[in-house]
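What follows is the content of final-v3.pdb, which has PDB, C-alpha atoms, pLDDT in the B column:
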```
ATOM      1  CA  MET A  30       8.791  55.909 -61.800  1.00 34.00           C
ATOM      2  CA  GLY A  31      12.336  55.719 -60.579  1.00 37.00           C
ATOM      3  CA  ASP A  32      15.566  54.367 -61.978  1.00 40.00           C
ATOM      4  CA  ASP A  33      16.541  50.843 -61.066  1.00 49.00           C
ATOM      5  CA  ARG A  34      20.116  51.136 -59.790  1.00 46.00           C
ATOM      6  CA  ASN A  35      21.348  48.092 -61.698  1.00 48.00           C
ATOM      7  CA  ASP A  36      19.841  48.552 -65.135  1.00 56.00           C
ATOM      8  CA  GLY A  37      18.879  52.205 -65.441  1.00 57.00           C
ATOM      9  CA  VAL A  38      15.414  51.186 -66.673  1.00 59.00           C
ATOM     10  CA  GLN A  39      12.138  52.792 -65.679  1.00 74.00           C
ATOM     11  CA  ILE A  40      10.162  50.735 -63.161  1.00 84.00           C
ATOM     12  CA  ALA A  41       6.513  51.123 -62.131  1.00 92.00           C
ATOM     13  CA  TYR A  42       6.914  50.576 -58.400  1.00 95.00           C
ATOM     14  CA  THR A  43       4.081  49.091 -56.362  1.00 94.00           C
ATOM     15  CA  HIS A  44       3.540  48.856 -52.618  1.00 94.00           C
ATOM     16  CA  GLY A  45       1.171  46.448 -50.889  1.00 92.00           C
ATOM     17  CA  SER A  46      -0.625  47.723 -47.797  1.00 90.00           C
ATOM     18  CA  GLY A  47      -2.787  46.162 -45.140  1.00 87.00           C
ATOM     19  CA  TRP A  48      -4.825  49.346 -44.979  1.00 86.00           C
ATOM     20  CA  LYS A  49      -6.509  51.716 -47.420  1.00 88.00           C
ATOM     21  CA  LEU A  50      -4.251  54.719 -47.999  1.00 91.00           C
ATOM     22  CA  PRO A  51      -5.336  58.079 -49.382  1.00 91.00           C
ATOM     23  CA  ILE A  52      -3.708  58.997 -52.702  1.00 93.00           C
ATOM     24  CA  GLY A  53      -0.936  61.500 -51.954  1.00 93.00           C
ATOM     25  CA  THR A  54       0.061  59.903 -48.647  1.00 91.00           C
ATOM     26  CA  GLU A  55       3.809  59.896 -48.041  1.00 92.00           C
ATOM     27  CA  LEU A  56       5.201  56.741 -46.451  1.00 92.00           C
ATOM     28  CA  SER A  57       8.547  56.331 -44.739  1.00 89.00           C
ATOM     29  CA  ALA A  58      10.245  53.420 -43.010  1.00 84.00           C
ATOM     30  CA  HIS A  59       8.631  51.662 -40.090  1.00 69.00           C
ATOM     31  CA  LYS A  60      11.624  50.152 -38.297  1.00 59.00           C
ATOM     32  CA  ALA A  61       9.516  48.519 -35.609  1.00 54.00           C
ATOM     33  CA  SER A  62       7.978  46.123 -38.117  1.00 57.00           C
ATOM     34  CA  LEU A  63      11.404  44.538 -38.642  1.00 54.00           C
ATOM     35  CA  THR A  64      12.909  44.855 -35.162  1.00 52.00           C
ATOM     36  CA  ARG A  65       9.898  43.892 -33.064  1.00 53.00           C
ATOM     37  CA  SER A  66       8.642  40.971 -35.089  1.00 55.00           C
ATOM     38  CA  SER A  67       7.350  38.080 -33.016  1.00 54.00           C
ATOM     39  CA  LYS A  68       9.272  35.777 -35.347  1.00 68.00           C
ATOM     40  CA  GLY A  69      12.759  35.272 -33.936  1.00 81.00           C
ATOM     41  CA  THR A  70      14.030  34.034 -37.286  1.00 84.00           C
ATOM     42  CA  MET A  71      13.003  37.310 -38.921  1.00 85.00           C
ATOM     43  CA  ARG A  72      14.907  39.300 -36.287  1.00 87.00           C
ATOM     44  CA  LEU A  73      17.982  37.092 -36.816  1.00 90.00           C
ATOM     45  CA  THR A  74      17.754  37.449 -40.606  1.00 92.00           C
ATOM     46  CA  GLU A  75      17.383  41.227 -40.450  1.00 92.00           C
ATOM     47  CA  GLY A  76      20.204  41.467 -37.893  1.00 92.00           C
ATOM     48  CA  LEU A  77      22.577  39.442 -40.078  1.00 94.00           C
ATOM     49  CA  LEU A  78      21.780  41.524 -43.156  1.00 96.00           C
ATOM     50  CA  GLU A  79      22.316  44.750 -41.217  1.00 95.00           C
ATOM     51  CA  LEU A  80      25.630  43.429 -39.857  1.00 96.00           C
ATOM     52  CA  HIS A  81      26.920  42.895 -43.406  1.00 97.00           C
ATOM     53  CA  ARG A  82      25.354  46.014 -44.970  1.00 97.00           C
ATOM     54  CA  PRO A  83      27.903  48.141 -46.852  1.00 97.00           C
ATOM     55  CA  PRO A  84      27.901  51.764 -45.634  1.00 96.00           C
ATOM     56  CA  HIS A  85      26.668  53.098 -48.990  1.00 96.00           C
ATOM     57  CA  CYS A  86      23.548  50.889 -48.955  1.00 97.00           C
ATOM     58  CA  LEU A  87      20.209  51.952 -47.495  1.00 95.00           C
ATOM     59  CA  SER A  88      19.412  50.035 -44.315  1.00 94.00           C
ATOM     60  CA  ARG A  89      16.385  47.770 -44.518  1.00 93.00           C
ATOM     61  CA  TYR A  90      15.363  49.375 -41.210  1.00 90.00           C
ATOM     62  CA  ASP A  91      15.159  52.735 -43.023  1.00 91.00           C
ATOM     63  CA  SER A  92      13.329  51.426 -46.099  1.00 93.00           C
ATOM     64  CA  VAL A  93       9.891  51.408 -47.626  1.00 93.00           C
ATOM     65  CA  PHE A  94       9.558  48.156 -49.580  1.00 93.00           C
ATOM     66  CA  MET A  95       8.239  47.962 -53.127  1.00 94.00           C
ATOM     67  CA  THR A  96       7.839  45.452 -55.939  1.00 93.00           C
ATOM     68  CA  ASP A  97       7.524  45.832 -59.694  1.00 92.00           C
ATOM     69  CA  THR A  98       4.309  43.821 -60.023  1.00 90.00           C
ATOM     70  CA  THR A  99       0.645  43.878 -59.062  1.00 90.00           C
ATOM     71  CA  ASN A 100       0.636  40.072 -58.714  1.00 89.00           C
ATOM     72  CA  LEU A 101      -0.919  39.530 -55.275  1.00 88.00           C
ATOM     73  CA  ASP A 102       0.861  36.205 -54.680  1.00 86.00           C
ATOM     74  CA  VAL A 103       4.255  37.783 -55.338  1.00 86.00           C
ATOM     75  CA  ILE A 104       3.479  40.782 -53.103  1.00 88.00           C
ATOM     76  CA  GLU A 105       2.455  38.493 -50.227  1.00 85.00           C
ATOM     77  CA  ALA A 106       5.418  36.155 -50.757  1.00 80.00           C
ATOM     78  CA  SER A 107       7.667  39.215 -50.609  1.00 80.00           C
ATOM     79  CA  GLY A 108       6.478  39.860 -47.073  1.00 79.00           C
ATOM     80  CA  GLY A 109       4.011  42.609 -47.876  1.00 81.00           C
ATOM     81  CA  TYR A 110       0.296  42.915 -47.409  1.00 85.00           C
ATOM     82  CA  ALA A 111      -1.787  42.544 -50.543  1.00 86.00           C
ATOM     83  CA  ASN A 112      -5.070  43.946 -49.243  1.00 88.00           C
ATOM     84  CA  TYR A 113      -4.501  47.191 -51.134  1.00 91.00           C
ATOM     85  CA  VAL A 114      -1.988  47.680 -53.937  1.00 93.00           C
ATOM     86  CA  TYR A 115      -0.705  51.117 -54.910  1.00 95.00           C
ATOM     87  CA  ARG A 116       1.640  52.533 -57.478  1.00 96.00           C
ATOM     88  CA  VAL A 117       4.125  54.662 -55.579  1.00 96.00           C
ATOM     89  CA  GLU A 118       6.701  57.265 -56.516  1.00 96.00           C
ATOM     90  CA  PRO A 119       9.942  56.842 -54.529  1.00 96.00           C
ATOM     91  CA  GLU A 120      11.984  59.788 -53.352  1.00 93.00           C
ATOM     92  CA  GLY A 121      15.741  59.618 -53.774  1.00 92.00           C
ATOM     93  CA  MET A 122      17.783  56.529 -54.444  1.00 92.00           C
ATOM     94  CA  VAL A 123      16.086  53.179 -55.066  1.00 95.00           C
ATOM     95  CA  GLU A 124      17.936  49.953 -54.310  1.00 96.00           C
ATOM     96  CA  ARG A 125      17.136  46.568 -55.833  1.00 95.00           C
ATOM     97  CA  ASN A 126      17.910  43.298 -54.074  1.00 96.00           C
ATOM     98  CA  HIS A 127      16.888  39.715 -54.683  1.00 94.00           C
ATOM     99  CA  LEU A 128      14.652  38.195 -52.010  1.00 92.00           C
ATOM    100  CA  GLY A 129      16.024  34.721 -52.696  1.00 92.00           C
ATOM    101  CA  TRP A 130      18.992  35.564 -50.431  1.00 94.00           C
ATOM    102  CA  TRP A 131      16.709  36.774 -47.630  1.00 92.00           C
ATOM    103  CA  GLU A 132      14.659  33.564 -47.878  1.00 90.00           C
ATOM    104  CA  LEU A 133      17.813  31.430 -47.864  1.00 90.00           C
ATOM    105  CA  ILE A 134      19.163  33.091 -44.716  1.00 92.00           C
ATOM    106  CA  ASN A 135      15.779  32.959 -43.004  1.00 89.00           C
ATOM    107  CA  ARG A 136      15.351  29.266 -43.874  1.00 88.00           C
ATOM    108  CA  HIS A 137      18.748  28.540 -42.326  1.00 88.00           C
ATOM    109  CA  PHE A 138      17.629  30.104 -39.042  1.00 85.00           C
ATOM    110  CA  HIS A 139      14.425  28.021 -39.204  1.00 78.00           C
ATOM    111  CA  THR A 140      16.201  24.724 -39.700  1.00 78.00           C
ATOM    112  CA  THR A 141      19.503  24.771 -37.826  1.00 74.00           C
ATOM    113  CA  HIS A 142      21.246  26.383 -34.904  1.00 69.00           C
ATOM    114  CA  GLU A 143      24.773  25.407 -35.907  1.00 70.00           C
ATOM    115  CA  TRP A 144      27.311  28.199 -35.905  1.00 72.00           C
ATOM    116  CA  ASP A 145      30.673  26.823 -36.999  1.00 81.00           C
ATOM    117  CA  SER A 146      32.939  29.083 -39.031  1.00 85.00           C
ATOM    118  CA  ALA A 147      31.968  27.519 -42.378  1.00 88.00           C
ATOM    119  CA  ILE A 148      28.259  28.190 -41.738  1.00 88.00           C
ATOM    120  CA  GLN A 149      28.986  31.726 -40.560  1.00 90.00           C
ATOM    121  CA  GLU A 150      30.963  32.409 -43.735  1.00 94.00           C
ATOM    122  CA  ARG A 151      28.193  30.927 -45.907  1.00 93.00           C
ATOM    123  CA  LEU A 152      25.612  33.174 -44.227  1.00 94.00           C
ATOM    124  CA  ALA A 153      27.910  36.200 -44.615  1.00 96.00           C
ATOM    125  CA  GLY A 154      28.365  35.366 -48.310  1.00 96.00           C
ATOM    126  CA  TRP A 155      24.597  35.169 -48.826  1.00 96.00           C
ATOM    127  CA  ALA A 156      24.201  38.532 -47.075  1.00 97.00           C
ATOM    128  CA  ARG A 157      26.896  40.100 -49.272  1.00 97.00           C
ATOM    129  CA  SER A 158      25.182  38.728 -52.394  1.00 97.00           C
ATOM    130  CA  TYR A 159      21.921  40.295 -51.228  1.00 97.00           C
ATOM    131  CA  TRP A 160      23.572  43.704 -50.795  1.00 98.00           C
ATOM    132  CA  ASP A 161      25.458  43.395 -54.089  1.00 97.00           C
ATOM    133  CA  GLY A 162      22.120  43.060 -55.904  1.00 96.00           C
ATOM    134  CA  ILE A 163      22.963  39.639 -57.316  1.00 95.00           C
ATOM    135  CA  GLU A 164      20.112  37.353 -58.345  1.00 93.00           C
ATOM    136  CA  CYS A 165      19.927  34.250 -56.155  1.00 92.00           C
ATOM    137  CA  PRO A 166      20.609  31.191 -58.348  1.00 91.00           C
ATOM    138  CA  SER A 167      17.540  29.013 -58.834  1.00 84.00           C
ATOM    139  CA  ASP A 168      19.298  25.912 -57.437  1.00 83.00           C
ATOM    140  CA  LEU A 169      19.806  27.701 -54.086  1.00 82.00           C
ATOM    141  CA  ARG A 170      16.343  29.207 -53.751  1.00 80.00           C
ATOM    142  CA  VAL A 171      13.918  28.043 -51.107  1.00 76.00           C
ATOM    143  CA  LYS A 172      11.405  25.700 -52.708  1.00 75.00           C
ATOM    144  CA  ASN A 173       7.760  26.790 -53.065  1.00 66.00           C
ATOM    145  CA  LYS A 174       8.646  30.466 -52.643  1.00 69.00           C
ATOM    146  CA  PRO A 175       8.260  32.757 -55.639  1.00 65.00           C
ATOM    147  CA  SER A 176      11.603  34.480 -55.574  1.00 75.00           C
ATOM    148  CA  THR A 177      11.535  38.034 -56.784  1.00 87.00           C
ATOM    149  CA  TRP A 178      13.274  41.376 -56.713  1.00 92.00           C
ATOM    150  CA  GLU A 179      12.434  43.868 -54.013  1.00 93.00           C
ATOM    151  CA  TYR A 180      12.978  47.589 -54.322  1.00 95.00           C
ATOM    152  CA  ARG A 181      13.625  49.893 -51.385  1.00 95.00           C
ATOM    153  CA  ALA A 182      13.572  53.641 -50.888  1.00 96.00           C
ATOM    154  CA  ARG A 183      13.692  55.908 -47.861  1.00 94.00           C
ATOM    155  CA  SER A 184      10.208  57.270 -48.610  1.00 94.00           C
ATOM    156  CA  VAL A 185       7.491  57.007 -51.242  1.00 95.00           C
ATOM    157  CA  THR A 186       4.313  58.845 -52.207  1.00 95.00           C
ATOM    158  CA  VAL A 187       1.122  56.913 -52.957  1.00 95.00           C
ATOM    159  CA  VAL A 188       0.205  57.871 -56.537  1.00 95.00           C
ATOM    160  CA  GLU A 189      -2.520  55.498 -57.727  1.00 94.00           C
ATOM    161  CA  ASP A 190      -4.626  52.525 -56.654  1.00 93.00           C
ATOM    162  CA  VAL A 191      -3.591  49.654 -58.965  1.00 93.00           C
ATOM    163  CA  ASP A 192      -5.293  46.774 -57.167  1.00 89.00           C
ATOM    164  CA  PRO A 193      -5.739  44.031 -59.811  1.00 85.00           C
ATOM    165  CA  ASP A 194      -8.839  42.649 -58.040  1.00 84.00           C
ATOM    166  CA  PRO A 195     -10.396  45.391 -55.903  1.00 81.00           C
ATOM    167  CA  ASP A 196     -13.624  43.469 -55.260  1.00 82.00           C
ATOM    168  CA  ARG A 197     -11.999  40.416 -53.664  1.00 78.00           C
ATOM    169  CA  LEU A 198     -12.571  39.607 -49.986  1.00 74.00           C
ATOM    170  CA  LYS A 199      -9.952  41.351 -47.852  1.00 72.00           C
ATOM    171  CA  ILE A 200      -9.026  40.134 -44.401  1.00 69.00           C
ATOM    172  CA  LEU A 201      -7.582  43.235 -42.824  1.00 67.00           C
ATOM    173  CA  PRO A 202      -4.933  43.015 -40.134  1.00 66.00           C
ATOM    174  CA  LYS A 203      -5.686  44.800 -36.889  1.00 66.00           C
ATOM    175  CA  ALA A 204      -4.155  48.227 -37.239  1.00 66.00           C
ATOM    176  CA  PRO A 205      -1.917  49.225 -34.341  1.00 65.00           C
ATOM    177  CA  ALA A 206      -2.923  52.502 -32.681  1.00 70.00           C
ATOM    178  CA  ALA A 207      -0.022  54.359 -34.326  1.00 69.00           C
ATOM    179  CA  VAL A 208      -1.151  53.187 -37.782  1.00 69.00           C
ATOM    180  CA  ARG A 209      -4.762  54.192 -37.092  1.00 69.00           C
ATOM    181  CA  ARG A 210      -3.642  57.658 -35.942  1.00 75.00           C
ATOM    182  CA  PHE A 211      -1.429  58.064 -39.018  1.00 74.00           C
ATOM    183  CA  LEU A 212      -4.217  57.056 -41.424  1.00 73.00           C
ATOM    184  CA  GLU A 213      -6.677  59.424 -39.734  1.00 75.00           C
ATOM    185  CA  GLN A 214      -4.136  62.275 -39.828  1.00 77.00           C
ATOM    186  CA  ALA A 215      -3.296  61.539 -43.473  1.00 74.00           C
ATOM    187  CA  GLN A 216      -6.961  61.695 -44.441  1.00 73.00           C
ATOM    188  CA  ARG A 217      -7.532  64.961 -42.537  1.00 78.00           C
ATOM    189  CA  GLU A 218      -4.452  66.648 -44.033  1.00 76.00           C
ATOM    190  CA  LEU A 219      -5.227  65.478 -47.555  1.00 71.00           C
ATOM    191  CA  GLU A 220      -8.766  66.842 -47.265  1.00 75.00           C
ATOM    192  CA  ALA A 221      -7.509  70.163 -45.861  1.00 76.00           C
ATOM    193  CA  THR A 222      -4.361  70.788 -47.907  1.00 72.00           C
ATOM    194  CA  GLY A 223      -4.130  68.236 -50.703  1.00 63.00           C
ATOM    195  CA  SER A 224      -0.909  66.738 -49.319  1.00 57.00           C
ATOM    196  CA  GLY A 225      -0.450  64.095 -46.657  1.00 54.00           C
ATOM    197  CA  PRO A 226       1.748  63.860 -43.570  1.00 52.00           C
ATOM    198  CA  ARG A 227       5.052  62.071 -43.261  1.00 50.00           C
ATOM    199  CA  PRO A 228       5.012  59.365 -40.566  1.00 46.00           C
TER     200      PRO A 228
END
```

Hey, can you dump this file as structure tokens for me?
Amino acid sequence: MGDDRNDGVQIAYTHGSGWKLPIGTELSAHKASLTRSSKGTMRLTEGLLELHRPPHCLSRYDSVFMTDTTNLDVIEASGGYANYVYRVEPEGMVERNHLGWWELINRHFHTTHEWDSAIQERLAGWARSYWDGIECPSDLRVKNKPSTWEYRARSVTVVEDVDPDPDRLKILPKAPAAVRRFLEQAQRELEATGSGPRP
């Protein structure tokens, strides 16, 4: 468990994955998943957040994303896969931000293409609130989206399978070649040495 930067409390961090991961695997950021998304609104949202990121904050592009729950609906609503759920141990600093701000910015890009100065300042304010770790007020949150905290670290180690419903039907995403190679390498190295590779 790591320390939440805002409260100093111990958190059991979880990470949802589309693929089965060997215990002991070390995960680090996968920038391409944010920068090469087919969803233009996601690229715009991530770009705006990066533009307003304070220098002392960990870039979302350099982050492994975690939650503090094994609730599959929350993990999926947070943008993660919920096919496999693992408790992970983060390395280094952990940042906590409220996803309500991300959803609000993303919804704006879905619904309007206006860019006057008032809208630009509103978007910048939402981005600053995200980076400041402020909870998004319930009256601003996007409806029908379970708004939650996300936790981010530069890298994590898979510690334990904590899937709340391991026997459920899992529709697995097609693993890109790089992911397949990484999973195969992780399995080989764990079998040979007891510790996994870093991607």

If you apply the PyMOL selection byres ((chain A and resi 78) around 9) to this file, what residues do you get, as a tab-separated table (two decimals) with C-alpha atoms, keeping the file's coordinate frame?
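Here's the written file result_15.tsv:
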```tsv
chain	number	residue	atom	x	y	z
A	73	LEU	CA	17.98	37.09	-36.82
A	74	THR	CA	17.75	37.45	-40.61
A	75	GLU	CA	17.38	41.23	-40.45
A	76	GLY	CA	20.20	41.47	-37.89
A	77	LEU	CA	22.58	39.44	-40.08
A	79	GLU	CA	22.32	44.75	-41.22
A	80	LEU	CA	25.63	43.43	-39.86
A	81	HIS	CA	26.92	42.90	-43.41
A	82	ARG	CA	25.35	46.01	-44.97
A	88	SER	CA	19.41	50.04	-44.32
A	89	ARG	CA	16.39	47.77	-44.52
A	131	TRP	CA	16.71	36.77	-47.63
A	134	ILE	CA	19.16	33.09	-44.72
A	153	ALA	CA	27.91	36.20	-44.62
A	155	TRP	CA	24.60	35.17	-48.83
A	156	ALA	CA	24.20	38.53	-47.08
A	157	ARG	CA	26.90	40.10	-49.27
A	159	TYR	CA	21.92	40.30	-51.23
A	160	TRP	CA	23.57	43.70	-50.80
```

Counting all atoms listed in the file, the option among A:Pro119, A:Gly162, A:Pro195, A:Gly108 closest to A:Cys86: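 Checking each of A:Pro119, A:Gly162, A:Pro195, A:Gly108 against A:Cys86, counting all atoms listed in the file, the winner is A:Gly162.
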
Residue nearest A:Ile104 among A:Tyr42, A:Ala206, A:Glu143, A:Arg136 (counting only C-alpha atoms):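 Comparing A:Tyr42, A:Ala206, A:Glu143, A:Arg136 against A:Ile104, the winner is A:Tyr42.
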
Selection near A:Arg183, 6 Å with all atoms listed in the file, sequence-local residues under 2 positions removed, as a list in words: Asp91, Ser92 and Val93 of chain A

Using all atoms listed in the file: which of A:Thr43, A:Ser167, A:Thr177, A:Ser146 has the shortest distance to A:Tyr113: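 Checking each of A:Thr43, A:Ser167, A:Thr177, A:Ser146 against A:Tyr113, counting all atoms listed in the file, the winner is A:Thr43.
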
Please enumerate the residues selected by the PyMOL selection byres ((chain A and resi 123-128) around 8) when evaluated against the supplied file, formatted as an mmCIF file with C-alpha atoms, keeping the file's coordinate frame.
```
data_model
loop_
_atom_site.group_PDB
_atom_site.id
_atom_site.type_symbol
_atom_site.label_atom_id
_atom_site.label_comp_id
_atom_site.auth_asym_id
_atom_site.auth_seq_id
_atom_site.Cartn_x
_atom_site.Cartn_y
_atom_site.Cartn_z
ATOM 1 C CA GLY A 31 12.336 55.719 -60.579
ATOM 2 C CA ASP A 32 15.566 54.367 -61.978
ATOM 3 C CA ASP A 33 16.541 50.843 -61.066
ATOM 4 C CA ARG A 34 20.116 51.136 -59.790
ATOM 5 C CA ASN A 35 21.348 48.092 -61.698
ATOM 6 C CA CYS A 86 23.548 50.889 -48.955
ATOM 7 C CA LEU A 87 20.209 51.952 -47.495
ATOM 8 C CA SER A 107 7.667 39.215 -50.609
ATOM 9 C CA PRO A 119 9.942 56.842 -54.529
ATOM 10 C CA GLU A 120 11.984 59.788 -53.352
ATOM 11 C CA GLY A 121 15.741 59.618 -53.774
ATOM 12 C CA MET A 122 17.783 56.529 -54.444
ATOM 13 C CA GLY A 129 16.024 34.721 -52.696
ATOM 14 C CA TRP A 130 18.992 35.564 -50.431
ATOM 15 C CA TRP A 131 16.709 36.774 -47.630
ATOM 16 C CA GLU A 132 14.659 33.564 -47.878
ATOM 17 C CA TYR A 159 21.921 40.295 -51.228
ATOM 18 C CA TRP A 160 23.572 43.704 -50.795
ATOM 19 C CA ASP A 161 25.458 43.395 -54.089
ATOM 20 C CA GLY A 162 22.120 43.060 -55.904
ATOM 21 C CA ILE A 163 22.963 39.639 -57.316
ATOM 22 C CA GLU A 164 20.112 37.353 -58.345
ATOM 23 C CA CYS A 165 19.927 34.250 -56.155
ATOM 24 C CA SER A 176 11.603 34.480 -55.574
ATOM 25 C CA THR A 177 11.535 38.034 -56.784
ATOM 26 C CA TRP A 178 13.274 41.376 -56.713
ATOM 27 C CA GLU A 179 12.434 43.868 -54.013
ATOM 28 C CA TYR A 180 12.978 47.589 -54.322
ATOM 29 C CA ARG A 181 13.625 49.893 -51.385
ATOM 30 C CA ALA A 182 13.572 53.641 -50.888
#
```

Between atom CA of A:Val188 and atom CA of A:Val117 - distance in Å to one decimal: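 That distance, rounded to one decimal, is 5.2 Å.
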
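Between atom CA of A:Glu118 and atom CA of A:Glu220 the separation is 20.4 Å.
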
Selection dump of the PyMOL selection byres ((chain A and resi 48) around 7), as a ChimeraX atom specification: /A:46-47,49-50,112-113

Residue among A:Phe94, A:Tyr115, A:Trp144, A:Phe138 lying closest to A:Asp190, counting only C-alpha atoms: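 The shortest atom-to-atom distance to A:Asp190 comes from A:Tyr115.
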
Using the file's own x, y and z axes, what box holds all listed atoms of stretch 74-86 of chain A with 8 Å on each side, keeping edges along x, y and z, and what are its centre and edge lengths in Å to one decimal, as AutoDock Vina command-line options?
```
--center_x 22.6 --center_y 45.3 --center_z -43.4 --size_x 26.5 --size_y 31.6 --size_z 27.1
```

Atom pair atom CA of A:Ala221 / atom CA of A:Val187: separation (Å): 17.3 Å

Shortest interatomic distance to A:Val114 - which of A:Met95, A:Ile148, A:Ala58, A:Leu219, counting all atoms listed in the file: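 That would be A:Met95, the residue with the smallest distance to A:Val114.
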